[in-house]
Amino acid sequence: MTRILVVDNHGQFTHLERRALRDAGVDTEIVDNDTPPGDLDADGLVLSGGPDMDRIGRCGEYLDLDVPILGICLGMQIMATELDGSVGSGEYGGYADVDVRIVDEGDPLIGSLAPETRVWASHADEVTALPTGFTHTATSDVCEIEAMSAPDRDLYGVQWHPEVAHTAEGDEVFANFIARCE
């Protein structure tokens, strides 16, 4: 059975990320973000959302593991910051229902959602420059970089929360990520 760990970055929806994976038939649990990388026995990782970059533990080290990684909200921002991209304050803070346009229909994580999907997202902070080797995969009127990916490294990020009921095709995002981990 595929095993995907959810790394807890102290976000309010972390338990829902675990539940979405469990409901999809994956062996999953939540682990603390200070867990040594060598102790993470998994086929994939989800870097959860969270309140701020000051409490990301060892997440930067996890990016060197040889497993697919999905960064959700803060998790995506961690990827950008640790891998030479950049993050800044969004013009539209707080949570909102957002229409996202898929700009890379071939992307293994979100390409199947094309041409657009409706999501629940927070834009208090957002990725403002892609890390080297990443592709811009989704955009909206609220945020230029709603999603990014580096499929050759199996690193994927979404600004939105696929685990909440307000996101229309969140289950499909998780199913696509699980397929990368199998």
# chains A, B, ... in the order shown; residues from 1 in each chain; ligands from 1

call {"tool": "residues_around", "arguments": {"residues": "segment 1-11 of chain A", "least_positions_apart": "6", "cutoff": "6 Å", "atoms": "only C-alpha atoms", "output": "PDB file with C-alpha atoms, in the first residue's frame"}}
result
ATOM      1  CA  VAL A  26      -3.480   5.569   1.247  1.00  0.00           C
ATOM      2  CA  ASP A  27      -1.562   4.582   4.384  1.00  0.00           C
ATOM      3  CA  THR A  28      -0.983   7.999   5.950  1.00  0.00           C
ATOM      4  CA  GLU A  29      -0.196   9.810   9.151  1.00  0.00           C
ATOM      5  CA  ILE A  30       0.720  13.302  10.298  1.00  0.00           C
ATOM      6  CA  VAL A  31       4.340  13.834  11.335  1.00  0.00           C
ATOM      7  CA  ASP A  32       5.986  16.762  13.071  1.00  0.00           C
ATOM      8  CA  ASN A  33       8.028  19.063  10.841  1.00  0.00           C
ATOM      9  CA  ALA A  42       7.216   7.108   2.859  1.00  0.00           C
ATOM     10  CA  ASP A  43       6.457   6.930  -0.850  1.00  0.00           C
ATOM     11  CA  GLY A  44       5.556  10.640  -0.827  1.00  0.00           C
ATOM     12  CA  LEU A  45       5.201  13.710   1.381  1.00  0.00           C
ATOM     13  CA  VAL A  46       2.673  16.490   1.683  1.00  0.00           C
ATOM     14  CA  LEU A  47       4.051  19.714   3.151  1.00  0.00           C
ATOM     15  CA  SER A  48       0.984  21.144   4.857  1.00  0.00           C
ATOM     16  CA  GLY A  49      -0.116  24.717   5.044  1.00  0.00           C
ATOM     17  CA  GLY A  50       0.604  26.775   8.119  1.00  0.00           C
ATOM     18  CA  ILE A  56       8.710  25.229   9.124  1.00  0.00           C
TER      19      ILE A  56
END

call {"tool": "residues_around", "arguments": {"residues": "Ser86 of chain A", "least_positions_apart": "4", "cutoff": "10 Å", "atoms": "only C-alpha atoms", "output": "PyMOL selection string"}}
result
chain A and resi 77-82+126-131

call {"tool": "closest_atom_pairs", "arguments": {"of": "segment 20-111 of chain A", "to": "segment 166-176 of chain A", "cutoff": "8 Å", "atoms": "only C-alpha atoms", "output": "Markdown table"}}
result
| residue | atom | partner | partner_atom | distance |
| --- | --- | --- | --- | --- |
| A:Ala20 | CA | A:Asp171 | CA | 7.2 |
| A:Leu21 | CA | A:Phe174 | CA | 7.0 |
| A:Ala24 | CA | A:Ala175 | CA | 7.3 |
| A:Asp97 | CA | A:His166 | CA | 7.4 |
| A:Pro108 | CA | A:Asn176 | CA | 6.7 |
| A:Leu109 | CA | A:Asn176 | CA | 5.3 |
| A:Ile110 | CA | A:Val173 | CA | 6.2 |

call {"tool": "atom_distance", "arguments": {"atom1": "atom CA of Gln159 of chain A", "atom2": "atom CA of Ile145 of chain A"}}
result
7.8 Å

call {"tool": "atom_distance", "arguments": {"atom1": "atom CA of Leu113 of chain A", "atom2": "atom CA of Gly133 of chain A"}}
result
22.3 Å

call {"tool": "atom_distance", "arguments": {"atom1": "atom CA of Pro151 of chain A", "atom2": "atom CA of Asp34 of chain A"}}
result
26.0 Å

call {"tool": "closest_residue", "arguments": {"among": "A:Pro51, A:Arg101, A:Gly88, A:Arg180", "to": "Gly75 of chain A", "atoms": "only C-alpha atoms"}}
result
A:Pro51

call {"tool": "select_by_dssp", "arguments": {"residues": "segment 67-113 of chain A", "states": "alpha helix (DSSP H)", "output": "number ranges by chain"}}
result
A: 74-82

call {"tool": "select_by_dssp", "arguments": {"residues": "segment 4-151 of chain A", "states": "strand (DSSP E)", "output": "PyMOL selection string"}}
result
chain A and resi 4-8+27-32+44-47+69-72+86-89+95-102+116-122+125-129+135-139+147-150

call {"tool": "write_last_selection", "arguments": {"atoms": "C-alpha atoms", "output": "PDB file, in the first residue's frame"}}
result
ATOM      1  CA  ILE A   4       2.244   9.268   2.156  1.00  0.00           C
ATOM      2  CA  LEU A   5       3.141  11.332   5.211  1.00  0.00           C
ATOM      3  CA  VAL A   6       1.629  14.742   5.915  1.00  0.00           C
ATOM      4  CA  VAL A   7       4.220  17.075   7.422  1.00  0.00           C
ATOM      5  CA  ASP A   8       2.565  19.281  10.039  1.00  0.00           C
ATOM      6  CA  ASP A  27      -1.562   4.582   4.384  1.00  0.00           C
ATOM      7  CA  THR A  28      -0.983   7.999   5.950  1.00  0.00           C
ATOM      8  CA  GLU A  29      -0.196   9.810   9.151  1.00  0.00           C
ATOM      9  CA  ILE A  30       0.720  13.302  10.298  1.00  0.00           C
ATOM     10  CA  VAL A  31       4.340  13.834  11.335  1.00  0.00           C
ATOM     11  CA  ASP A  32       5.986  16.762  13.071  1.00  0.00           C
ATOM     12  CA  GLY A  44       5.556  10.640  -0.827  1.00  0.00           C
ATOM     13  CA  LEU A  45       5.201  13.710   1.381  1.00  0.00           C
ATOM     14  CA  VAL A  46       2.673  16.490   1.683  1.00  0.00           C
ATOM     15  CA  LEU A  47       4.051  19.714   3.151  1.00  0.00           C
ATOM     16  CA  ILE A  69       6.379  16.073  -2.614  1.00  0.00           C
ATOM     17  CA  LEU A  70       3.192  18.152  -2.733  1.00  0.00           C
ATOM     18  CA  GLY A  71       3.380  21.565  -1.099  1.00  0.00           C
ATOM     19  CA  ILE A  72       0.039  23.063  -0.118  1.00  0.00           C
ATOM     20  CA  SER A  86      10.667  34.029  -3.843  1.00  0.00           C
ATOM     21  CA  VAL A  87       7.575  34.684  -1.752  1.00  0.00           C
ATOM     22  CA  GLY A  88       5.908  38.009  -1.010  1.00  0.00           C
ATOM     23  CA  SER A  89       2.738  39.440   0.447  1.00  0.00           C
ATOM     24  CA  TYR A  95      -9.319  33.042   2.369  1.00  0.00           C
ATOM     25  CA  ALA A  96     -11.535  33.279  -0.685  1.00  0.00           C
ATOM     26  CA  ASP A  97     -13.240  31.263  -3.382  1.00  0.00           C
ATOM     27  CA  VAL A  98     -11.066  31.677  -6.491  1.00  0.00           C
ATOM     28  CA  ASP A  99     -11.391  30.631 -10.146  1.00  0.00           C
ATOM     29  CA  VAL A 100      -8.039  29.175 -11.205  1.00  0.00           C
ATOM     30  CA  ARG A 101      -6.995  28.785 -14.835  1.00  0.00           C
ATOM     31  CA  ILE A 102      -4.762  25.819 -15.648  1.00  0.00           C
ATOM     32  CA  GLU A 116     -10.197  25.886 -14.939  1.00  0.00           C
ATOM     33  CA  THR A 117     -11.291  24.920 -11.474  1.00  0.00           C
ATOM     34  CA  ARG A 118     -12.765  26.630  -8.425  1.00  0.00           C
ATOM     35  CA  VAL A 119     -10.656  26.557  -5.256  1.00  0.00           C
ATOM     36  CA  TRP A 120     -10.454  27.806  -1.669  1.00  0.00           C
ATOM     37  CA  ALA A 121      -7.212  29.692  -1.126  1.00  0.00           C
ATOM     38  CA  SER A 122      -5.408  32.119   1.126  1.00  0.00           C
ATOM     39  CA  ASP A 125       1.550  35.357   1.124  1.00  0.00           C
ATOM     40  CA  GLU A 126       2.238  33.866  -2.294  1.00  0.00           C
ATOM     41  CA  VAL A 127       5.029  32.734  -4.578  1.00  0.00           C
ATOM     42  CA  THR A 128       6.234  35.729  -6.600  1.00  0.00           C
ATOM     43  CA  ALA A 129       9.084  34.081  -8.550  1.00  0.00           C
ATOM     44  CA  THR A 135       6.983  25.437 -14.459  1.00  0.00           C
ATOM     45  CA  HIS A 136       4.116  27.837 -13.822  1.00  0.00           C
ATOM     46  CA  THR A 137       1.009  25.608 -14.036  1.00  0.00           C
ATOM     47  CA  ALA A 138      -1.965  27.707 -12.864  1.00  0.00           C
ATOM     48  CA  THR A 139      -2.981  31.336 -12.427  1.00  0.00           C
ATOM     49  CA  ALA A 147       0.521  26.407  -8.862  1.00  0.00           C
ATOM     50  CA  MET A 148       3.957  25.243  -9.950  1.00  0.00           C
ATOM     51  CA  SER A 149       5.699  21.973 -10.646  1.00  0.00           C
ATOM     52  CA  ALA A 150       9.016  20.343 -11.397  1.00  0.00           C
TER      53      ALA A 150
END
